[in-house]
>>> print(open('upload.cif').read())   # mmCIF, C-alpha atoms and all ligand atoms
data_coords
#
loop_
_atom_site.label_atom_id
_atom_site.label_comp_id
_atom_site.auth_asym_id
_atom_site.auth_seq_id
_atom_site.Cartn_x
_atom_site.Cartn_y
_atom_site.Cartn_z
CA MET A 704 44.97 23.90 -58.86
CA LYS A 705 41.32 22.88 -58.69
CA LYS A 706 42.46 19.39 -57.81
CA THR A 707 44.56 20.70 -54.91
CA ILE A 708 41.64 22.69 -53.48
CA ARG A 709 39.42 19.63 -53.73
CA MET A 710 42.02 17.56 -51.89
CA LEU A 711 42.30 20.18 -49.15
CA LEU A 712 38.51 20.24 -48.71
CA ILE A 713 38.39 16.48 -48.39
CA LEU A 714 41.20 16.56 -45.84
CA LEU A 715 39.39 19.26 -43.85
CA CYS A 716 36.18 17.22 -43.78
CA VAL A 717 38.04 14.13 -42.63
CA CYS A 718 39.72 16.13 -39.87
CA MET A 719 36.40 17.61 -38.68
CA ILE A 720 34.97 14.14 -38.38
CA THR A 721 37.93 12.43 -36.76
CA VAL A 722 39.44 15.03 -34.47
CA PRO A 723 36.67 15.19 -31.82
CA ALA A 724 36.48 11.41 -31.73
CA ALA A 725 40.22 11.17 -31.22
CA ALA A 726 40.07 13.74 -28.41
CA GLU A 727 37.40 11.73 -26.64
CA GLU A 728 39.52 8.65 -26.78
CA GLU A 729 42.47 10.48 -25.33
CA ILE A 730 40.73 11.44 -22.07
CA GLY A 731 38.68 8.65 -20.60
CA LEU A 732 35.67 9.06 -18.28
CA ASP A 733 37.71 7.83 -15.32
CA GLU A 734 40.33 10.47 -15.87
CA LEU A 735 37.73 13.22 -16.16
CA LEU A 736 36.18 12.04 -12.92
CA SER A 737 39.54 11.91 -11.17
CA ILE A 738 40.43 15.46 -12.11
CA GLY A 739 36.98 16.67 -11.12
CA GLU A 740 36.09 17.87 -14.61
CA ILE A 741 32.53 16.57 -14.51
CA GLU A 742 30.08 15.92 -11.74
CA VAL A 743 28.11 12.72 -11.90
CA GLU A 744 24.49 13.01 -10.83
CA GLU A 745 22.73 10.03 -9.25
CA LEU A 746 21.79 7.84 -12.19
CA ALA A 747 19.25 5.55 -10.53
CA VAL A 748 15.67 6.70 -10.84
CA TRP A 749 12.73 5.25 -8.92
CA THR A 750 10.70 3.66 -11.72
CA PHE A 751 7.94 1.91 -9.72
CA PRO A 752 4.48 3.28 -10.67
CA VAL A 753 3.89 4.64 -7.14
CA ALA A 754 6.34 7.39 -6.14
CA LEU A 755 8.12 6.99 -2.81
CA GLU A 756 7.04 10.44 -1.67
CA ASP A 757 3.41 9.41 -2.32
CA MET A 758 3.68 6.38 -0.05
CA ASP A 759 4.03 6.30 3.74
CA PRO A 760 6.04 3.16 4.63
CA GLU A 761 3.79 2.50 7.64
CA PHE A 762 0.68 2.61 5.43
CA VAL A 763 1.96 -0.11 3.10
CA ARG A 764 3.17 -2.38 5.88
CA LEU A 765 2.15 -5.98 5.32
CA ALA A 766 0.90 -8.14 8.17
CA ASN A 767 0.19 -11.81 7.59
CA LYS A 768 1.40 -15.16 8.87
CA HIS A 769 4.71 -14.78 6.98
CA TYR A 770 5.19 -11.14 7.96
CA LEU A 771 4.29 -11.13 11.63
CA LEU A 772 3.99 -7.88 13.53
CA ASP A 773 5.87 -7.61 16.76
CA LYS A 774 4.02 -8.25 20.00
CA ASP A 775 4.69 -4.62 20.94
CA TYR A 776 3.74 -3.11 17.58
CA VAL A 777 1.13 -0.41 18.13
CA PRO A 778 0.25 1.99 15.28
CA GLU A 779 0.52 5.69 16.02
CA PRO A 780 -1.38 7.79 16.63
CA LEU A 781 -4.47 5.75 17.45
CA VAL A 782 -7.72 7.68 17.74
CA THR A 783 -11.06 6.64 19.18
CA ILE A 784 -13.88 6.63 16.64
CA LYS A 785 -16.97 8.65 17.54
CA ALA A 786 -20.48 7.43 16.88
CA LEU A 787 -22.06 9.52 14.13
CA LYS A 788 -24.30 12.44 15.02
CA LYS A 789 -26.11 13.89 12.06
CA ASN A 790 -27.18 17.43 11.29
CA LYS A 791 -30.80 17.96 10.21
CA ASP A 792 -29.73 17.78 6.58
CA GLY A 793 -28.10 14.38 7.21
CA SER A 794 -24.53 15.68 7.08
CA ASN A 795 -21.90 14.65 9.63
CA ALA A 796 -22.18 16.82 12.77
CA ASN A 797 -19.31 15.44 14.83
CA GLY A 798 -16.84 13.67 12.55
CA GLY A 799 -18.19 10.28 13.57
CA ILE A 800 -19.31 7.13 11.77
CA LEU A 801 -22.17 4.66 12.23
CA LYS A 802 -20.72 1.84 14.26
CA VAL A 803 -21.51 -1.42 15.94
CA GLY A 804 -20.26 -2.03 19.44
CA GLY A 805 -18.25 -0.06 21.95
CA THR A 806 -14.86 1.62 21.89
CA MET A 807 -13.10 1.36 18.55
CA GLN A 808 -9.76 2.79 17.52
CA LEU A 809 -7.92 3.29 14.24
CA GLN A 810 -4.74 5.01 13.13
CA GLU A 811 -5.57 8.71 12.79
CA THR A 812 -5.14 9.12 8.99
CA CYS A 813 -7.04 5.91 8.34
CA ALA A 814 -9.85 7.01 10.68
CA ALA A 815 -10.24 10.34 8.86
CA ALA A 816 -10.27 8.56 5.47
CA LEU A 817 -12.86 6.05 6.68
CA ILE A 818 -15.18 8.79 7.93
CA GLU A 819 -14.77 10.59 4.62
CA MET A 820 -15.63 7.37 2.76
CA ALA A 821 -18.69 6.73 4.95
CA ASP A 822 -19.89 10.32 4.39
CA ALA A 823 -19.49 9.92 0.63
CA ALA A 824 -21.35 6.59 0.70
CA ARG A 825 -24.16 8.18 2.73
CA ALA A 826 -24.39 11.00 0.19
CA ASP A 827 -24.91 8.28 -2.45
CA GLY A 828 -27.61 6.65 -0.28
CA TYR A 829 -25.57 3.88 1.42
CA ASN A 830 -25.04 3.56 5.17
CA LEU A 831 -21.74 1.97 6.16
CA TYR A 832 -21.26 0.60 9.68
CA LEU A 833 -17.87 0.14 11.29
CA LYS A 834 -17.91 -3.29 12.94
CA SER A 835 -14.29 -3.94 13.86
CA SER A 836 -11.18 -1.80 13.97
CA TYR A 837 -7.73 -1.89 15.63
CA LEU A 838 -7.02 -5.08 17.54
CA SER A 839 -3.97 -5.39 19.75
CA TRP A 840 -1.65 -8.41 19.57
CA LYS A 841 -3.06 -9.62 22.88
CA THR A 842 -6.71 -9.36 21.80
CA GLN A 843 -5.92 -11.14 18.53
CA ASN A 844 -4.14 -13.89 20.44
CA THR A 845 -7.22 -14.48 22.61
CA MET A 846 -9.52 -14.47 19.57
CA TYR A 847 -7.30 -16.93 17.69
CA ASN A 848 -7.08 -19.34 20.60
CA ASN A 849 -10.85 -19.18 21.15
CA ARG A 850 -11.41 -19.94 17.46
CA LEU A 851 -9.05 -22.91 17.61
CA LYS A 852 -10.87 -24.28 20.66
CA LYS A 853 -14.20 -23.92 18.85
CA ASN A 854 -12.81 -25.79 15.81
CA LYS A 855 -11.11 -28.58 17.75
CA GLY A 856 -7.66 -27.12 17.07
CA LYS A 857 -8.19 -26.49 13.34
CA ASP A 858 -7.33 -23.10 11.80
CA ASP A 859 -10.27 -22.40 9.46
CA GLY A 860 -8.81 -19.20 7.98
CA TRP A 861 -11.32 -16.88 9.63
CA VAL A 862 -9.26 -15.57 12.51
CA SER A 863 -5.61 -14.63 12.06
CA LYS A 864 -3.07 -15.63 14.63
CA ALA A 865 -1.49 -12.92 16.78
CA GLY A 866 0.92 -10.74 14.81
CA ALA A 867 -0.59 -11.83 11.48
CA SER A 868 -3.73 -9.71 11.69
CA ASP A 869 -4.28 -6.72 9.44
CA HIS A 870 -6.29 -5.28 12.33
CA GLN A 871 -3.09 -4.86 14.39
CA THR A 872 -1.81 -2.31 11.84
CA GLY A 873 -4.61 0.09 12.90
CA LEU A 874 -5.27 0.47 9.15
CA GLY A 875 -7.60 -2.48 8.71
CA CYS A 876 -11.29 -2.37 9.54
CA ASP A 877 -14.50 -4.27 8.94
CA VAL A 878 -17.23 -2.17 7.34
CA VAL A 879 -20.68 -3.66 6.84
CA PRO A 880 -24.23 -2.82 5.67
CA LYS A 881 -26.93 -2.38 8.34
CA ASN A 882 -28.49 -5.82 7.92
CA TRP A 883 -25.12 -7.48 8.56
CA THR A 884 -24.33 -5.66 11.80
CA ASP A 885 -25.62 -8.52 13.94
CA ARG A 886 -24.95 -11.61 11.80
CA GLY A 887 -22.00 -13.83 11.16
CA MET A 888 -20.10 -12.51 8.18
CA ASN A 889 -19.62 -14.47 4.97
CA ARG A 890 -18.93 -13.93 1.28
CA ASN A 891 -22.63 -13.41 0.44
CA MET A 892 -22.24 -9.90 1.84
CA ALA A 893 -20.49 -9.00 -1.42
CA LYS A 894 -23.90 -8.87 -3.14
CA GLU A 895 -25.06 -6.00 -0.94
CA LYS A 896 -25.15 -2.62 -2.65
CA GLU A 897 -23.04 -1.09 0.14
CA CYS A 898 -20.24 -3.61 -0.54
CA ILE A 899 -20.51 -3.11 -4.29
CA TRP A 900 -20.17 0.65 -3.64
CA MET A 901 -17.10 0.09 -1.43
CA ALA A 902 -15.41 -2.19 -3.97
CA GLU A 903 -15.94 0.49 -6.59
CA HIS A 904 -14.96 3.59 -4.59
CA CYS A 905 -12.66 2.55 -1.73
CA GLN A 906 -9.44 3.50 -3.54
CA GLU A 907 -10.65 7.10 -3.90
CA PHE A 908 -10.26 7.34 -0.12
CA GLY A 909 -7.01 5.35 0.12
CA PHE A 910 -8.56 1.96 0.93
CA ILE A 911 -8.19 -1.42 -0.75
CA LEU A 912 -10.11 -4.64 -0.50
CA ARG A 913 -7.59 -6.47 1.67
CA TYR A 914 -8.83 -10.02 0.99
CA PRO A 915 -10.19 -10.25 -2.59
CA SER A 916 -12.19 -13.26 -3.81
CA ASP A 917 -9.65 -14.24 -6.48
CA LYS A 918 -6.62 -14.00 -4.17
CA GLU A 919 -7.46 -16.51 -1.45
CA ASP A 920 -4.46 -18.64 -2.47
CA VAL A 921 -2.14 -15.64 -2.08
CA THR A 922 -3.56 -14.02 1.07
CA GLU A 923 -4.37 -17.42 2.62
CA ILE A 924 -7.46 -15.72 4.01
CA ASN A 925 -11.04 -16.25 2.89
CA TYR A 926 -12.73 -13.60 0.75
CA GLU A 927 -13.81 -10.73 2.98
CA PRO A 928 -15.85 -8.10 1.09
CA TRP A 929 -16.07 -6.10 4.35
CA HIS A 930 -12.39 -5.82 5.25
CA MET A 931 -11.01 -2.45 4.16
CA ARG A 932 -7.33 -1.66 4.47
CA TYR A 933 -5.93 1.86 4.32
CA VAL A 934 -2.72 2.26 2.24
CA GLY A 935 -3.02 5.89 1.03
CA ILE A 936 -4.65 7.03 -2.21
CA PRO A 937 -1.82 6.58 -4.79
CA ALA A 938 -1.02 3.02 -3.66
CA ALA A 939 -4.73 2.17 -3.37
CA GLU A 940 -5.44 3.44 -6.90
CA TYR A 941 -2.58 1.32 -8.25
CA ILE A 942 -3.54 -1.82 -6.29
CA MET A 943 -7.24 -1.68 -7.20
CA ALA A 944 -6.65 -0.74 -10.87
CA ASN A 945 -4.33 -3.73 -11.25
CA GLY A 946 -6.44 -6.18 -9.26
CA LEU A 947 -3.71 -6.90 -6.72
CA CYS A 948 -3.78 -7.96 -3.11
CA LEU A 949 -1.40 -6.40 -0.58
CA GLU A 950 0.89 -9.46 -0.68
CA GLU A 951 1.38 -9.01 -4.44
CA PHE A 952 1.90 -5.27 -4.06
CA THR A 953 4.52 -5.90 -1.38
CA GLY A 954 6.27 -8.38 -3.69
CA GLN A 955 6.37 -5.82 -6.49
CA LEU A 956 7.54 -3.05 -4.17
CA GLN A 957 10.33 -5.16 -2.66
CA ALA A 958 11.50 -6.19 -6.15
CA ALA A 959 11.46 -2.51 -7.21
CA ILE A 960 13.59 -1.62 -4.17
CA GLN A 961 16.17 -4.32 -4.99
CA ASP A 962 16.25 -3.20 -8.63
CA TYR A 963 16.70 0.44 -7.58
CA LEU A 964 19.55 -0.47 -5.23
CA ALA A 965 21.21 -2.63 -7.88
CA ARG A 966 21.19 0.38 -10.20
CA GLY A 967 23.01 2.43 -7.58
CA GLY A 968 20.00 4.02 -5.90
CA ASP A 969 20.28 5.76 -2.55
CA PRO A 970 19.66 3.18 0.23
CA ALA A 971 18.51 5.92 2.62
CA LYS A 972 15.53 6.66 0.36
CA VAL A 973 14.14 3.12 0.43
CA GLU A 974 15.29 1.81 3.80
CA ALA A 975 11.95 2.41 5.54
CA TYR A 976 10.08 0.43 2.87
CA LEU A 977 12.11 -2.77 3.20
CA GLN A 978 10.12 -5.70 4.52
CA THR A 979 11.39 -9.20 5.11
CA PRO A 980 9.44 -12.33 5.98
CA THR A 981 9.56 -13.30 9.63
CA ASP A 982 9.38 -17.04 8.90
CA GLN A 983 12.63 -17.40 6.94
ZN ZN B 1 -11.25 -7.72 9.26
#
>>> encode(input="upload.cif", output="structure tokens")
Amino acid sequence: MKKTIRMLLILLCVCMITVPAAAEEEIGLDELLSIGEIEVEELAVWTFPVALEDMDPEFVRLANKHYLLDKDYVPEPLVTIKALKKNKDGSNANGGILKVGGTMQLQETCAAALIEMADAARADGYNLYLKSSYLSWKTQNTMYNNRLKKNKGKDDGWVSKAGASDHQTGLGCDVVPKNWTDRGMNRNMAKEKECIWMAEHCQEFGFILRYPSDKEDVTEINYEPWHMRYVGIPAAEYIMANGLCLEEFTGQLQAAIQDYLARGGDPAKVEAYLQTPTDQ
């Protein structure tokens, strides 16, 4: 009798283990799907360190000689930058910035971020001067041709050709210390305390150093400690923390998009971020 009970128990255990497995085998995933038994949620997850909703596609747009901007590309909305008026306590009275030269324009969000950065720098004792801002395709074309003429037809890497300039995005600007407002710019400016401050704090305001010293072979542009590029805070924090230039960031982002799509991601979510070289 005892033996029979033991046998029954063993049989019961075996059944408990095998029955669910057998049931699973009987109805396959395809069948369940076809009879509408289970709903499948989107499996692909955006795994890139910067979330799509934290990144405006226009703010991470790359412009260089391989990714040329269209002749008609004009960032929107462009705003004219006011010259700074200070209150008695030194604070910003009119939402302006110290600047060199006449009318200057930047994309609105970038302009607000730049003024915020300049105010923060001033609070730390550093005066930042805006020296160059948005440049249209046409203006850049004139500047490039003038530079070529000056250099007997040789491109010396100081002036981008039309369509390749970060200044055409309306998100790129040249910001300099006071004693560099009226001199030719070169890499020695990096030693100035204002530039050291910018290199340290720019990402807090959504800016990156567009042409870093150790990325000249990637950007194909000389080191420019003065050239700030607005990309938005999350992207800027990531780029600066990882010592990237915008070309490298774009490469990573495009690879992340292809990976996301290959995993079945929603094309509509990433469409606006796709960028393809114009020289291929
Ligand atoms: Zn510049």
>>> residues_around(input="upload.cif", residues="region 892-905 of chain A", least_positions_apart="4", cutoff="8 Å", atoms="only C-alpha atoms", output="PyMOL selection string")
chain A and resi 820+824+829-831+879-880+883+888+909-912+928-929+931
>>> closest_atom_pairs(input="upload.cif", of="chain A", to="ligand ZN 1 (chain B)", cutoff="8 Å", atoms="only C-alpha atoms and all ligand atoms", output="Markdown table")
| residue | atom | partner | partner_atom | distance |
| --- | --- | --- | --- | --- |
| A:Ser835 | CA | B:ZN1 | ZN | 6.7 |
| A:Ser836 | CA | B:ZN1 | ZN | 7.6 |
| A:Asp869 | CA | B:ZN1 | ZN | 7.0 |
| A:His870 | CA | B:ZN1 | ZN | 6.3 |
| A:Gly875 | CA | B:ZN1 | ZN | 6.4 |
| A:Cys876 | CA | B:ZN1 | ZN | 5.4 |
| A:Asp877 | CA | B:ZN1 | ZN | 4.8 |
| A:Glu927 | CA | B:ZN1 | ZN | 7.4 |
| A:Trp929 | CA | B:ZN1 | ZN | 7.1 |
| A:His930 | CA | B:ZN1 | ZN | 4.6 |
| A:Met931 | CA | B:ZN1 | ZN | 7.3 |
>>> axis_aligned_box(input="upload.cif", around="region 935-949 of chain A", padding_each_side="5 Å", output="AutoDock Vina command-line options")
--center_x -4.1 --center_y -0.5 --center_z -5.1 --size_x 16.2 --size_y 25.0 --size_z 22.3
>>> atom_distance(input="upload.cif", atom1="CA of Ala944 (chain A)", atom2="CA of Leu765 (chain A)")
19.2 Å
>>> closest_residue(input="upload.cif", among="A:Gly935, A:Gly967, A:Gln961, A:Lys789", to="Asp759 (chain A)", atoms="only C-alpha atoms")
A:Gly935
>>> residues_around(input="upload.cif", residues="region 919-925 of chain A", least_positions_apart="6", cutoff="7 Å", atoms="all atoms listed in the file", output="number ranges by chain")
A: 860-861, 950
>>> write_last_selection(input="upload.cif", atoms="C-alpha atoms", output="PDB file, in the frame of the given file")
ATOM      1  CA  GLY A 860      -8.810 -19.200   7.980  1.00  0.00           C
ATOM      2  CA  TRP A 861     -11.320 -16.880   9.630  1.00  0.00           C
ATOM      3  CA  GLU A 950       0.890  -9.460  -0.680  1.00  0.00           C
TER       4      GLU A 950
END
>>> residues_around(input="upload.cif", residues="Ala865 (chain A)", least_positions_apart="4", cutoff="6 Å", atoms="all atoms listed in the file", output="PyMOL selection string")
chain A and resi 840+843-844
>>> closest_residue(input="upload.cif", among="A:Ile936, A:Leu809, A:Leu833, A:Leu772", to="Ala786 (chain A)", atoms="all atoms listed in the file")
A:Leu833
>>> atom_distance(input="upload.cif", atom1="CA of Asp757 (chain A)", atom2="CA of Ile800 (chain A)")
26.8 Å
>>> decode(input="upload.cif", residues="region 738-783 of chain A", atoms="C-alpha atoms", output="PDB file, in the first residue's frame")
ATOM      1  CA  ILE A 738      -6.244  34.256 -32.633  1.00  0.00           C
ATOM      2  CA  GLY A 739      -5.629  37.553 -30.876  1.00  0.00           C
ATOM      3  CA  GLU A 740      -4.930  35.949 -27.507  1.00  0.00           C
ATOM      4  CA  ILE A 741      -2.030  38.230 -26.646  1.00  0.00           C
ATOM      5  CA  GLU A 742      -1.095  41.729 -27.630  1.00  0.00           C
ATOM      6  CA  VAL A 743       2.503  42.370 -28.516  1.00  0.00           C
ATOM      7  CA  GLU A 744       3.903  45.660 -27.285  1.00  0.00           C
ATOM      8  CA  GLU A 745       6.647  47.413 -29.251  1.00  0.00           C
ATOM      9  CA  LEU A 746       9.811  45.591 -28.255  1.00  0.00           C
ATOM     10  CA  ALA A 747      12.416  48.070 -29.478  1.00  0.00           C
ATOM     11  CA  VAL A 748      13.579  50.538 -26.866  1.00  0.00           C
ATOM     12  CA  TRP A 749      15.672  53.635 -27.556  1.00  0.00           C
ATOM     13  CA  THR A 750      18.915  52.767 -25.766  1.00  0.00           C
ATOM     14  CA  PHE A 751      21.121  55.731 -26.775  1.00  0.00           C
ATOM     15  CA  PRO A 752      22.248  57.714 -23.681  1.00  0.00           C
ATOM     16  CA  VAL A 753      20.376  60.849 -24.818  1.00  0.00           C
ATOM     17  CA  ALA A 754      16.589  60.383 -24.963  1.00  0.00           C
ATOM     18  CA  LEU A 755      14.836  61.409 -28.174  1.00  0.00           C
ATOM     19  CA  GLU A 756      12.386  63.607 -26.295  1.00  0.00           C
ATOM     20  CA  ASP A 757      15.372  65.456 -24.765  1.00  0.00           C
ATOM     21  CA  MET A 758      16.828  66.282 -28.170  1.00  0.00           C
ATOM     22  CA  ASP A 759      15.460  68.683 -30.794  1.00  0.00           C
ATOM     23  CA  PRO A 760      16.508  67.330 -34.219  1.00  0.00           C
ATOM     24  CA  GLU A 761      17.265  70.853 -35.455  1.00  0.00           C
ATOM     25  CA  PHE A 762      19.590  71.476 -32.490  1.00  0.00           C
ATOM     26  CA  VAL A 763      21.756  68.447 -33.267  1.00  0.00           C
ATOM     27  CA  ARG A 764      21.949  69.127 -36.994  1.00  0.00           C
ATOM     28  CA  LEU A 765      25.469  68.763 -38.331  1.00  0.00           C
ATOM     29  CA  ALA A 766      26.884  71.210 -40.845  1.00  0.00           C
ATOM     30  CA  ASN A 767      30.301  70.595 -42.352  1.00  0.00           C
ATOM     31  CA  LYS A 768      31.816  70.020 -45.782  1.00  0.00           C
ATOM     32  CA  HIS A 769      30.339  66.496 -45.934  1.00  0.00           C
ATOM     33  CA  TYR A 770      26.942  67.542 -44.585  1.00  0.00           C
ATOM     34  CA  LEU A 771      26.232  70.727 -46.480  1.00  0.00           C
ATOM     35  CA  LEU A 772      23.258  72.884 -45.575  1.00  0.00           C
ATOM     36  CA  ASP A 773      20.976  73.893 -48.368  1.00  0.00           C
ATOM     37  CA  LYS A 774      21.415  77.323 -49.924  1.00  0.00           C
ATOM     38  CA  ASP A 775      17.938  78.208 -48.642  1.00  0.00           C
ATOM     39  CA  TYR A 776      18.386  76.787 -45.137  1.00  0.00           C
ATOM     40  CA  VAL A 777      17.536  79.484 -42.599  1.00  0.00           C
ATOM     41  CA  PRO A 778      17.093  78.545 -38.918  1.00  0.00           C
ATOM     42  CA  GLU A 779      13.840  79.585 -37.280  1.00  0.00           C
ATOM     43  CA  PRO A 780      13.054  81.715 -35.490  1.00  0.00           C
ATOM     44  CA  LEU A 781      16.038  84.025 -35.758  1.00  0.00           C
ATOM     45  CA  VAL A 782      16.223  86.836 -33.220  1.00  0.00           C
ATOM     46  CA  THR A 783      18.375  89.939 -33.158  1.00  0.00           C
TER      47      THR A 783
END
